[in-house]
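Q: Structure below; questions to follow.
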Amino acid sequence: MRWTAASAGLLLSLALGGCAMLNRPKQDNLTSDQTLRSGASLIDLRVDAPGDLKALLENNLDLARLSALSAQDAVSEPELARLVGAAPAQVRELLETEGYFEPVVQVRREPGERPVVRVHVEPGPRTVVGRFDLVVQGDLERAASSGDANAKAVIERLNNAWPLKVGVPFRNPRWTEAKSNILAQLRGEGYASATWSGTAATVDVPSDTVRLFVVADSGPLYRFGSLDVRGLERQHESTVRNLMGFGPGTPLTDKLLLDFQDRLQGAGLFDRVTVVLEPDPGQADTTRVIVTLHELPLQQSVIGVGYSNGAGPRVSVEHWHRRAFGFNWIARNRVEWGRDRQTFEGDLSSDAKADLWRNIVGYAVSRQESSSDVVTSARLRLGRSQSRPMLDRLYFVEGTTATNAAGAVHEHSNAVSGNYNWVRRELDNPVLPTKGYTLSVETALGRATANNVAGAFSRLYTRGTVYRPLGGNWFGQARLELGQVIVANGVDVPDPLRFRAGGDDSVRGYAYRTLAPTHDGALTGGKALFTSSVEVARPISPRLPSVWGAVFIDAGRAADRFSALKPAYGTGFGVRWRSPVGPLSVDLAYGNETHRVRLHLSVGIAF
């Protein structure tokens with residue numbers, strides 16, 4: 001094996017974790033009393049090197065900084081000759097940081113009124129990783145040697161996470177980054193005091209390979225011992241402890257602490273939460289976890305105003321009380337008054353327990369007016385709910401009553417049902433998504449009474465939306481919505497349990513809730529539902545990245561049964577403003593059944 005002075009010097013610098021030539025301080029002056037002035041440059045530097053190496057040299061060579069000086073800036077001939085003479089060694093040092101250890105470098109100066117300095121580089125073969133060894137010492141190694149499956153799994157994850165695998169081109173920045181990331185991962189596995197005992201990168205120039213060797217001292221595994229809660233004023237510490245989800249002796253990994261922090265943040269009681277451990281190696285088996293909280297106000301109100309083309313203008317008031325009746329319960333009430341819809345709804349929920357489950361009591365009264373009927377309804381539900389960043393679940397028993405008034409005809413119906421709802425979100429941004437999906441599923445099984453006829457029913461509903469970047473700064477989204485109410489002949493369910501289509505978030509080009517079956521000249525809710533939508537959009541101008549243009553096609557309808565469902569189509573274009581509170585949309589859509597263009601405007605602002 002043949003070694004060079006350059007590779008030995010690099011080994012020393014890599015073992016110490018750095019490279020001295022990557023970032024030289026900029027030289028604004030060559031002498032203490034000179035300043036830059038405008039005019040032709042002092043020299044003309046021309047670098048001939050492939051790919052990113054050209055930019056590396058142009059940005060870091062001392063000659064490159066000299067070429068930025070004005071011709072009026074004096075520099076002595078010996079100084080210029082020194083810089084030209086030093087350039088080959090400087091080029092080699094810079095290339096070594098990118099894994100090139102055998103470059104051919106030529107630097108030539110061509111005389112003239114403005115000298116030309118040419119730097120020609122043939123980098124030669126790039127050094128790749130030939131071998132990687134990770135050695136673990138301390139408690140982690142001892143546990144793995146004794147057969148502990150969790151310790152073995154940690155070491156396996158560390159090896160799998162190492163990015164500079166055999167055959168990967170070697171770069172000093174990636175080497176430094178890899179060491180930092182692996183040490184951070186080891187600490188995140190519960191070994192908060194982990195350090196490097198030694199690291200080395202040994203370059204074998206003849207084979208163009210480098211051997212990477214790292215030795216980590218894990219230190220002790222930190223386990224939970226006690227909880228220190230800070231910042232509580234009105235809420236009880238028992239609420240925090242209920243959300244821990246772990247007990248004494250549990251290894252304190254980053255995931256464990258972050259999950260605990262997410263549960264506290266999702267409890268609806270705090271606006272700021274931090275969860276950290278106190279790393280005292282002498283107390284590793286009984287580590288103290290410190291939770292610092294800032295409570296939301298005991299009572300809070302939000303006023304909202306909005307407008308949509310289907311439902312018209314509206315105003316709402318929502319109020320929270322975070323210790324209702326002096327207990328650990330949260331009361332939420334909301335009133336909305338609009339042109340076509342008036343509602344009062346609310347719920348009373350217990351503080352979140354383990355896994356964020358809450359006991360809930362929900363209630364609502366609403367009046368919904370359409371072009372042909374008015375539906376007045378009320379409901380009461382008892383159940384449990386769970387809300388996580390990516391998953392919501394709800395199961396409950398509900399009683400529903402409704403009156404459907406179409407002219408002089410009034411139909412009354414009631415239902416009692418057991419329900420389970422499930423919502424999954426995988427989005428890059430929950431407010432302004434461009435990648436991911438959402439999926440919701442609702443199921444119900446119960447008994448309904450209408451027109452003195454009673455019977456069992458079931459209800460199924462699902463809605464999925466997919467978001468995808470399409471390339472070329474285009475983005476797409478697609479939606480599919482399906483619903484079905486299954487009842488015996490002669491049995492009907494209250495209108496809020498049936499389906500209607502049409503409007504801003506359904507089938508554009510048609511009025512709100514108008515794509516539904518007609519009975520005796522009046523629209524009613526259907527027992528079958530199908531809607532779909534495909535939309536592509538992109539920013540209108542690079543100067544206005546938050547303003548998008550979009551084209552779309554929607555299809556769908558509600559009907560008494562799927563065999564009678566003939567989709568209506570709406571096509572159009574629109575503008576989206578991706579505001580911090582969500583996308584605000586203006587659409588023009590043409591309905592193939594109405595042969596009319598309809599404006600759809602959806603705007604909502606909370607303050």
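Each chain in the structure tokens gets a letter, A, B and so on, in the order shown; residues start at 1 in every chain, and ligands are counted from 1 in the order they appear.
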What's around Leu529 of chain A at 8 Å? Count only C-alpha atoms, leave out sequence neighbours fewer than 5 positions away in its own chain, and write the answer as a PDB file with all heavy atoms, in the first residue's frame.

A:
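Below you can see result.pdb, which holds the result:
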```pdb
ATOM      1  N   GLU A 481     -65.780  10.610  -3.714  1.00  0.00           N
ATOM      2  CA  GLU A 481     -66.714  10.609  -2.587  1.00  0.00           C
ATOM      3  C   GLU A 481     -67.838   9.618  -2.896  1.00  0.00           C
ATOM      4  O   GLU A 481     -68.450   9.668  -3.963  1.00  0.00           O
ATOM      5  CB  GLU A 481     -67.276  12.012  -2.389  1.00  0.00           C
ATOM      6  CG  GLU A 481     -68.181  12.191  -1.194  1.00  0.00           C
ATOM      7  CD  GLU A 481     -68.687  13.626  -1.086  1.00  0.00           C
ATOM      8  OE1 GLU A 481     -68.885  14.273  -2.140  1.00  0.00           O
ATOM      9  OE2 GLU A 481     -68.884  14.099   0.055  1.00  0.00           O
ATOM     10  N   LEU A 482     -68.097   8.713  -1.943  1.00  0.00           N
ATOM     11  CA  LEU A 482     -69.137   7.701  -2.113  1.00  0.00           C
ATOM     12  C   LEU A 482     -69.960   7.599  -0.838  1.00  0.00           C
ATOM     13  O   LEU A 482     -69.415   7.703   0.270  1.00  0.00           O
ATOM     14  CB  LEU A 482     -68.534   6.325  -2.417  1.00  0.00           C
ATOM     15  CG  LEU A 482     -67.731   6.183  -3.712  1.00  0.00           C
ATOM     16  CD1 LEU A 482     -67.005   4.847  -3.723  1.00  0.00           C
ATOM     17  CD2 LEU A 482     -68.642   6.309  -4.924  1.00  0.00           C
ATOM     18  N   GLY A 483     -71.250   7.386  -0.990  1.00  0.00           N
ATOM     19  CA  GLY A 483     -72.122   7.206   0.163  1.00  0.00           C
ATOM     20  C   GLY A 483     -73.281   6.286  -0.162  1.00  0.00           C
ATOM     21  O   GLY A 483     -73.734   6.220  -1.317  1.00  0.00           O
ATOM     22  N   GLN A 484     -73.755   5.564   0.850  1.00  0.00           N
ATOM     23  CA  GLN A 484     -74.872   4.643   0.652  1.00  0.00           C
ATOM     24  C   GLN A 484     -75.642   4.483   1.952  1.00  0.00           C
ATOM     25  O   GLN A 484     -75.049   4.226   3.012  1.00  0.00           O
ATOM     26  CB  GLN A 484     -74.369   3.288   0.187  1.00  0.00           C
ATOM     27  CG  GLN A 484     -75.443   2.222   0.065  1.00  0.00           C
ATOM     28  CD  GLN A 484     -76.333   2.400  -1.160  1.00  0.00           C
ATOM     29  OE1 GLN A 484     -75.878   2.236  -2.279  1.00  0.00           O
ATOM     30  NE2 GLN A 484     -77.593   2.753  -0.950  1.00  0.00           N
ATOM     31  N   PHE A 499     -78.016  12.115   1.528  1.00  0.00           N
ATOM     32  CA  PHE A 499     -76.967  12.808   0.781  1.00  0.00           C
ATOM     33  C   PHE A 499     -77.554  13.767  -0.251  1.00  0.00           C
ATOM     34  O   PHE A 499     -78.608  13.503  -0.841  1.00  0.00           O
ATOM     35  CB  PHE A 499     -76.073  11.794   0.043  1.00  0.00           C
ATOM     36  CG  PHE A 499     -75.495  10.733   0.930  1.00  0.00           C
ATOM     37  CD1 PHE A 499     -75.992   9.433   0.894  1.00  0.00           C
ATOM     38  CD2 PHE A 499     -74.457  11.025   1.803  1.00  0.00           C
ATOM     39  CE1 PHE A 499     -75.458   8.450   1.703  1.00  0.00           C
ATOM     40  CE2 PHE A 499     -73.916  10.052   2.620  1.00  0.00           C
ATOM     41  CZ  PHE A 499     -74.427   8.753   2.571  1.00  0.00           C
ATOM     42  N   ARG A 500     -76.810  14.868  -0.459  1.00  0.00           N
ATOM     43  CA  ARG A 500     -77.071  15.780  -1.573  1.00  0.00           C
ATOM     44  C   ARG A 500     -75.724  16.207  -2.145  1.00  0.00           C
ATOM     45  O   ARG A 500     -74.713  16.208  -1.443  1.00  0.00           O
ATOM     46  CB  ARG A 500     -77.855  17.001  -1.124  1.00  0.00           C
ATOM     47  CG  ARG A 500     -79.206  16.680  -0.492  1.00  0.00           C
ATOM     48  CD  ARG A 500     -80.065  17.910  -0.361  1.00  0.00           C
ATOM     49  NE  ARG A 500     -81.275  17.661   0.414  1.00  0.00           N
ATOM     50  CZ  ARG A 500     -82.362  18.420   0.373  1.00  0.00           C
ATOM     51  NH1 ARG A 500     -82.387  19.509  -0.402  1.00  0.00           N
ATOM     52  NH2 ARG A 500     -83.415  18.133   1.102  1.00  0.00           N
ATOM     53  N   ALA A 501     -75.715  16.601  -3.412  1.00  0.00           N
ATOM     54  CA  ALA A 501     -74.482  17.023  -4.082  1.00  0.00           C
ATOM     55  C   ALA A 501     -74.703  18.376  -4.740  1.00  0.00           C
ATOM     56  O   ALA A 501     -75.829  18.865  -4.858  1.00  0.00           O
ATOM     57  CB  ALA A 501     -74.041  15.986  -5.119  1.00  0.00           C
ATOM     58  N   GLY A 556     -70.815  14.138 -10.540  1.00  0.00           N
ATOM     59  CA  GLY A 556     -71.473  13.477  -9.426  1.00  0.00           C
ATOM     60  C   GLY A 556     -72.932  13.838  -9.274  1.00  0.00           C
ATOM     61  O   GLY A 556     -73.470  14.694  -9.986  1.00  0.00           O
ATOM     62  N   ARG A 557     -73.569  13.167  -8.320  1.00  0.00           N
ATOM     63  CA  ARG A 557     -74.979  13.386  -8.008  1.00  0.00           C
ATOM     64  C   ARG A 557     -75.349  12.510  -6.825  1.00  0.00           C
ATOM     65  O   ARG A 557     -74.679  11.513  -6.541  1.00  0.00           O
ATOM     66  CB  ARG A 557     -75.857  13.038  -9.217  1.00  0.00           C
ATOM     67  CG  ARG A 557     -77.337  13.379  -9.043  1.00  0.00           C
ATOM     68  CD  ARG A 557     -78.151  12.831 -10.192  1.00  0.00           C
ATOM     69  NE  ARG A 557     -77.791  13.394 -11.474  1.00  0.00           N
ATOM     70  CZ  ARG A 557     -78.248  14.560 -11.961  1.00  0.00           C
ATOM     71  NH1 ARG A 557     -79.080  15.271 -11.230  1.00  0.00           N
ATOM     72  NH2 ARG A 557     -77.887  14.978 -13.137  1.00  0.00           N
ATOM     73  N   ALA A 558     -76.423  12.877  -6.152  1.00  0.00           N
ATOM     74  CA  ALA A 558     -77.080  12.002  -5.180  1.00  0.00           C
ATOM     75  C   ALA A 558     -78.354  11.468  -5.814  1.00  0.00           C
ATOM     76  O   ALA A 558     -79.017  12.170  -6.586  1.00  0.00           O
ATOM     77  CB  ALA A 558     -77.404  12.759  -3.899  1.00  0.00           C
ATOM     78  N   ALA A 559     -78.680  10.211  -5.502  1.00  0.00           N
ATOM     79  CA  ALA A 559     -79.865   9.581  -6.085  1.00  0.00           C
ATOM     80  C   ALA A 559     -80.465   8.621  -5.070  1.00  0.00           C
ATOM     81  O   ALA A 559     -79.896   8.358  -4.007  1.00  0.00           O
ATOM     82  CB  ALA A 559     -79.494   8.841  -7.372  1.00  0.00           C
ATOM     83  N   PHE A 562     -77.942   3.652  -6.663  1.00  0.00           N
ATOM     84  CA  PHE A 562     -76.821   3.829  -7.589  1.00  0.00           C
ATOM     85  C   PHE A 562     -77.226   3.547  -9.035  1.00  0.00           C
ATOM     86  O   PHE A 562     -76.706   4.159  -9.968  1.00  0.00           O
ATOM     87  CB  PHE A 562     -75.648   2.935  -7.189  1.00  0.00           C
ATOM     88  CG  PHE A 562     -74.737   3.571  -6.179  1.00  0.00           C
ATOM     89  CD1 PHE A 562     -74.729   3.137  -4.866  1.00  0.00           C
ATOM     90  CD2 PHE A 562     -73.902   4.618  -6.529  1.00  0.00           C
ATOM     91  CE1 PHE A 562     -73.894   3.713  -3.928  1.00  0.00           C
ATOM     92  CE2 PHE A 562     -73.064   5.209  -5.595  1.00  0.00           C
ATOM     93  CZ  PHE A 562     -73.056   4.757  -4.289  1.00  0.00           C
TER      94      PHE A 562
END
```

Q: Do you know which residues are at most 12 Å from Gly51 of chain A counting only C-alpha atoms, after dropping those on the same chain fewer than 5 positions away, and could you put them as a list in words?

A: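 Near neighbours after the sequence-gap exclusion: Leu56, Leu57, Glu58, Val121, Glu122 and Pro123 of chain A.
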
Q: May I have a table of the residues of segment 393-465 of chain A lying at most 12 Å from segment 576-581 of chain A, giving each one's closest pair of atoms and their distance in Å to one decimal, counting only C-alpha atoms, ordered by chain and ascending residue number, as a Markdown table?

A:
```
| residue | atom | partner | partner_atom | distance |
| --- | --- | --- | --- | --- |
| A:Asn429 | CA | A:Pro580 | CA | 11.3 |
| A:Pro430 | CA | A:Val581 | CA | 10.6 |
| A:Val431 | CA | A:Val581 | CA | 7.1 |
| A:Leu432 | CA | A:Arg578 | CA | 6.8 |
| A:Pro433 | CA | A:Arg578 | CA | 10.0 |
| A:Thr434 | CA | A:Arg578 | CA | 11.1 |
```

Q: Keeping N, CA, C and O atoms for every residue in the selection just given, could you write it to a file as a PDB file, in the first residue's frame?

A:
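Written out: part24.pdb:
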```pdb
ATOM      1  N   ASN A 429     -48.302  19.474   4.193  1.00  0.00           N
ATOM      2  CA  ASN A 429     -48.711  20.686   4.889  1.00  0.00           C
ATOM      3  C   ASN A 429     -50.208  20.577   5.152  1.00  0.00           C
ATOM      4  O   ASN A 429     -50.989  20.477   4.200  1.00  0.00           O
ATOM      5  N   PRO A 430     -50.641  20.583   6.419  1.00  0.00           N
ATOM      6  CA  PRO A 430     -52.062  20.378   6.699  1.00  0.00           C
ATOM      7  C   PRO A 430     -52.949  21.523   6.234  1.00  0.00           C
ATOM      8  O   PRO A 430     -54.154  21.338   6.051  1.00  0.00           O
ATOM      9  N   VAL A 431     -52.388  22.725   6.035  1.00  0.00           N
ATOM     10  CA  VAL A 431     -53.183  23.881   5.612  1.00  0.00           C
ATOM     11  C   VAL A 431     -53.129  24.071   4.105  1.00  0.00           C
ATOM     12  O   VAL A 431     -54.151  24.324   3.461  1.00  0.00           O
ATOM     13  N   LEU A 432     -51.938  23.923   3.512  1.00  0.00           N
ATOM     14  CA  LEU A 432     -51.751  24.131   2.084  1.00  0.00           C
ATOM     15  C   LEU A 432     -51.041  22.912   1.493  1.00  0.00           C
ATOM     16  O   LEU A 432     -49.868  22.975   1.127  1.00  0.00           O
ATOM     17  N   PRO A 433     -51.731  21.779   1.380  1.00  0.00           N
ATOM     18  CA  PRO A 433     -51.052  20.555   0.938  1.00  0.00           C
ATOM     19  C   PRO A 433     -50.735  20.577  -0.554  1.00  0.00           C
ATOM     20  O   PRO A 433     -51.488  21.124  -1.362  1.00  0.00           O
ATOM     21  N   THR A 434     -49.609  19.965  -0.915  1.00  0.00           N
ATOM     22  CA  THR A 434     -49.259  19.719  -2.311  1.00  0.00           C
ATOM     23  C   THR A 434     -48.897  18.257  -2.536  1.00  0.00           C
ATOM     24  O   THR A 434     -48.736  17.841  -3.679  1.00  0.00           O
TER      25      THR A 434
END
```

Q: Using only C-alpha atoms, which residue out of A:Val335, A:Ala324, A:Val273, A:Ala408 lies closest to Val302 of chain A?

A: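 Looking at the shortest contact to Val302 of chain A, the residue is A:Val335.
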
Q: I'd like to know which of A:Arg498, A:Arg211, A:Arg109, A:Arg174 is closest to Val129 of chain A, using only C-alpha atoms.

A: A:Arg211

Q: Pick from A:Val104, A:Val214, A:Ala149, A:Val374: nearest to Trp175 of chain A, with only C-alpha atoms counted?

A: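 When distances to Trp175 of chain A are compared using only C-alpha atoms, the smallest one comes from A:Val214.
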
Q: Return as a list of chain:residue names the full set of residues in segment 206-382 of chain A whose backbone-based DSSP assignment is alpha helix (DSSP H).

A: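 Reading the DSSP output for segment 206-382 of chain A, alpha helix (DSSP H) covers A:Glu237, A:Ser238, A:Thr239, A:Val240, A:Arg241, A:Asn242, A:Asp254, A:Lys255, A:Leu256, A:Leu257, A:Leu258, A:Asp259, A:Phe260, A:Gln261, A:Asp262, A:Arg263, A:Leu264, A:Gln265.
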
Q: For the selection you just gave me, I'd like the residues written to a file as a compact mmCIF listing (two decimals), in the first residue's frame, keeping all heavy atoms.

A:
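Dumped to again16.txt:
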```
# COMPACT_ATOMS: atom_id res chain seq x y z
N GLU A 237 -52.20 18.74 37.40
CA GLU A 237 -51.05 17.95 36.98
C GLU A 237 -51.47 16.54 36.57
O GLU A 237 -50.81 15.90 35.75
CB GLU A 237 -50.02 17.88 38.12
CG GLU A 237 -48.72 17.20 37.73
CD GLU A 237 -47.66 17.30 38.80
OE1 GLU A 237 -47.49 18.41 39.36
OE2 GLU A 237 -47.00 16.28 39.06
N SER A 238 -52.58 16.06 37.09
CA SER A 238 -53.05 14.72 36.72
C SER A 238 -53.34 14.64 35.23
O SER A 238 -53.17 13.57 34.61
CB SER A 238 -54.31 14.37 37.51
OG SER A 238 -55.36 15.30 37.24
N THR A 239 -53.77 15.76 34.62
CA THR A 239 -54.01 15.76 33.18
C THR A 239 -52.73 15.48 32.42
O THR A 239 -52.72 14.72 31.45
CB THR A 239 -54.58 17.12 32.75
OG1 THR A 239 -55.81 17.36 33.45
CG2 THR A 239 -54.84 17.16 31.26
N VAL A 240 -51.63 16.08 32.86
CA VAL A 240 -50.33 15.86 32.21
C VAL A 240 -49.89 14.42 32.40
O VAL A 240 -49.43 13.75 31.46
CB VAL A 240 -49.28 16.84 32.76
CG1 VAL A 240 -47.93 16.60 32.12
CG2 VAL A 240 -49.73 18.29 32.53
N ARG A 241 -50.01 13.90 33.62
CA ARG A 241 -49.56 12.54 33.89
C ARG A 241 -50.40 11.52 33.13
O ARG A 241 -49.89 10.46 32.71
CB ARG A 241 -49.62 12.27 35.38
CG ARG A 241 -48.59 13.09 36.17
CD ARG A 241 -48.56 12.74 37.65
NE ARG A 241 -47.51 13.49 38.34
CZ ARG A 241 -46.24 13.11 38.40
NH1 ARG A 241 -45.87 11.95 37.84
NH2 ARG A 241 -45.34 13.84 39.03
N ASN A 242 -51.68 11.80 32.93
CA ASN A 242 -52.53 10.86 32.17
C ASN A 242 -52.05 10.69 30.74
O ASN A 242 -52.31 9.66 30.10
CB ASN A 242 -53.97 11.36 32.16
CG ASN A 242 -54.67 11.17 33.48
OD1 ASN A 242 -54.25 10.37 34.30
ND2 ASN A 242 -55.74 11.93 33.70
N ASP A 254 -35.90 9.71 21.98
CA ASP A 254 -36.47 10.93 21.41
C ASP A 254 -37.91 10.73 21.00
O ASP A 254 -38.76 11.60 21.19
CB ASP A 254 -35.65 11.38 20.19
CG ASP A 254 -34.46 12.24 20.59
OD1 ASP A 254 -34.32 12.53 21.80
OD2 ASP A 254 -33.67 12.61 19.70
N LYS A 255 -38.21 9.58 20.39
CA LYS A 255 -39.57 9.31 19.94
C LYS A 255 -40.54 9.30 21.11
O LYS A 255 -41.65 9.84 21.02
CB LYS A 255 -39.63 7.99 19.19
CG LYS A 255 -41.01 7.68 18.59
CD LYS A 255 -41.01 6.37 17.84
CE LYS A 255 -42.36 6.16 17.14
NZ LYS A 255 -43.51 6.27 18.04
N LEU A 256 -40.13 8.68 22.21
CA LEU A 256 -41.00 8.63 23.39
C LEU A 256 -41.32 10.04 23.88
O LEU A 256 -42.48 10.38 24.17
CB LEU A 256 -40.31 7.83 24.49
CG LEU A 256 -41.14 7.59 25.75
CD1 LEU A 256 -42.03 6.38 25.57
CD2 LEU A 256 -40.23 7.40 26.96
N LEU A 257 -40.30 10.90 23.98
CA LEU A 257 -40.51 12.25 24.48
C LEU A 257 -41.29 13.10 23.49
O LEU A 257 -42.15 13.91 23.90
CB LEU A 257 -39.15 12.90 24.78
CG LEU A 257 -38.31 12.21 25.87
CD1 LEU A 257 -36.98 12.91 26.04
CD2 LEU A 257 -39.06 12.16 27.20
N LEU A 258 -41.04 12.94 22.19
CA LEU A 258 -41.78 13.72 21.19
C LEU A 258 -43.24 13.30 21.13
O LEU A 258 -44.13 14.14 20.96
CB LEU A 258 -41.13 13.56 19.82
CG LEU A 258 -39.81 14.30 19.62
CD1 LEU A 258 -39.18 13.94 18.28
CD2 LEU A 258 -40.01 15.81 19.73
N ASP A 259 -43.52 12.01 21.28
CA ASP A 259 -44.91 11.54 21.31
C ASP A 259 -45.64 12.13 22.51
O ASP A 259 -46.81 12.53 22.42
CB ASP A 259 -44.97 10.02 21.34
CG ASP A 259 -44.62 9.40 20.00
OD1 ASP A 259 -44.57 10.14 18.99
OD2 ASP A 259 -44.39 8.18 19.95
N PHE A 260 -44.97 12.15 23.67
CA PHE A 260 -45.55 12.76 24.87
C PHE A 260 -45.83 14.23 24.62
O PHE A 260 -46.90 14.75 24.96
CB PHE A 260 -44.57 12.56 26.03
CG PHE A 260 -45.06 13.06 27.36
CD1 PHE A 260 -46.41 13.27 27.62
CD2 PHE A 260 -44.15 13.35 28.38
CE1 PHE A 260 -46.85 13.74 28.86
CE2 PHE A 260 -44.58 13.82 29.60
CZ PHE A 260 -45.92 14.02 29.85
N GLN A 261 -44.89 14.93 24.00
CA GLN A 261 -45.08 16.35 23.70
C GLN A 261 -46.24 16.56 22.74
O GLN A 261 -47.05 17.48 22.91
CB GLN A 261 -43.79 16.91 23.10
CG GLN A 261 -43.83 18.39 22.81
CD GLN A 261 -42.45 18.92 22.44
OE1 GLN A 261 -41.54 18.88 23.25
NE2 GLN A 261 -42.31 19.41 21.23
N ASP A 262 -46.37 15.69 21.72
CA ASP A 262 -47.49 15.80 20.77
C ASP A 262 -48.82 15.57 21.46
O ASP A 262 -49.82 16.25 21.16
CB ASP A 262 -47.31 14.79 19.64
CG ASP A 262 -46.21 15.18 18.66
OD1 ASP A 262 -45.81 16.36 18.68
OD2 ASP A 262 -45.75 14.31 17.90
N ARG A 263 -48.89 14.62 22.40
CA ARG A 263 -50.14 14.37 23.11
C ARG A 263 -50.54 15.59 23.94
O ARG A 263 -51.72 15.96 24.00
CB ARG A 263 -50.01 13.13 23.99
CG ARG A 263 -49.96 11.84 23.22
CD ARG A 263 -50.14 10.63 24.13
NE ARG A 263 -49.02 10.43 25.02
CZ ARG A 263 -47.95 9.70 24.74
NH1 ARG A 263 -47.84 9.13 23.54
NH2 ARG A 263 -46.98 9.53 25.62
N LEU A 264 -49.57 16.22 24.60
CA LEU A 264 -49.87 17.42 25.38
C LEU A 264 -50.32 18.56 24.47
O LEU A 264 -51.25 19.30 24.79
CB LEU A 264 -48.64 17.84 26.18
CG LEU A 264 -48.27 16.93 27.37
CD1 LEU A 264 -46.88 17.30 27.90
CD2 LEU A 264 -49.31 17.04 28.48
N GLN A 265 -49.64 18.70 23.31
CA GLN A 265 -50.00 19.77 22.39
C GLN A 265 -51.41 19.56 21.83
O GLN A 265 -52.15 20.51 21.57
CB GLN A 265 -48.99 19.83 21.24
CG GLN A 265 -49.05 21.11 20.41
CD GLN A 265 -48.51 22.31 21.15
OE1 GLN A 265 -47.36 22.32 21.57
NE2 GLN A 265 -49.33 23.33 21.31
```

Q: If you take only C-alpha atoms and a cut-off of 8 Å, which residues of segment 440-547 of chain A touch segment 582-604 of chain A, and what are their nearest atom pairs and distances in Å to one decimal, in chain and number order, as a Markdown table?

A:
```
| residue | atom | partner | partner_atom | distance |
| --- | --- | --- | --- | --- |
| A:Gly503 | CA | A:His600 | CA | 7.7 |
| A:Asp504 | CA | A:His600 | CA | 6.0 |
| A:Arg508 | CA | A:Ala589 | CA | 5.9 |
| A:Gly509 | CA | A:Gly591 | CA | 4.5 |
| A:Tyr510 | CA | A:Gly591 | CA | 6.3 |
```

Q: Pick out the residues sitting within 9 Å of Leu348 of chain A, and hand them over as a PyMOL selection string; count only C-alpha atoms, and ignore anything fewer than 4 positions along from it in its own chain.

A: chain A and resi 324+329-333+359-363

Q: Contacts of Ala55 of chain A at 12 Å or less, counting only C-alpha atoms, minus same-chain residues fewer than 4 places along, as number ranges by chain?

A: A: 46-51, 59-61, 64, 94-95

Q: I need the residue nearest Val453 of chain A from this list: A:Ala161, A:Val210, A:Val203, A:Ala488. Use only C-alpha atoms for the distance.

A: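 With only C-alpha atoms as the atom set, the closest residue is A:Ala488.
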
Q: I'd like the contact shell of Arg447 of chain A - 9 Å cut-off, only C-alpha atoms, skipping same-chain residues fewer than 2 positions apart - returned as a list in words.

A: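 Counting only C-alpha atoms, the residues come to Asn414, Ala415, Val416, Ser417, Leu445, Thr449, Ala454, Gly455, Ala456, Phe457, Ser458 and Val493 of chain A.
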
Q: Measuring between only C-alpha atoms, which one of A:Leu480, A:Leu565, A:Val128, A:Val485 shows the shortest distance to Ala448 of chain A?

A: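 Among A:Leu480, A:Leu565, A:Val128, A:Val485, it is A:Val485 that comes nearest to Ala448 of chain A.
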
Q: Running DSSP on the backbone, which parts of segment 467-594 of chain A land in strand (DSSP E), as a count of residues only?

A: 75

Q: So that I can see what lies close to Arg314 of chain A, please list as a list in words the residues with an atom at most 10 Å from it, counting only C-alpha atoms and leaving out residues fewer than 2 positions away in the same chain.

A: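 In the requested form, the answer reads Gly304, Val305, Gly306, Tyr307, Ser308, Ala311, Gly312, Ser316, Glu336, Trp337, Gly338, Arg339, Asp340, Arg341, Gln342 and Gly604 of chain A.
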
Q: Using only C-alpha atoms, can you tell me which of A:Gly471, A:Gly130, A:Gly436, A:Gly138 comes closest to Ala201 of chain A?

A: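 Going through A:Gly471, A:Gly130, A:Gly436, A:Gly138 one by one, the smallest distance to Ala201 of chain A is for A:Gly130.
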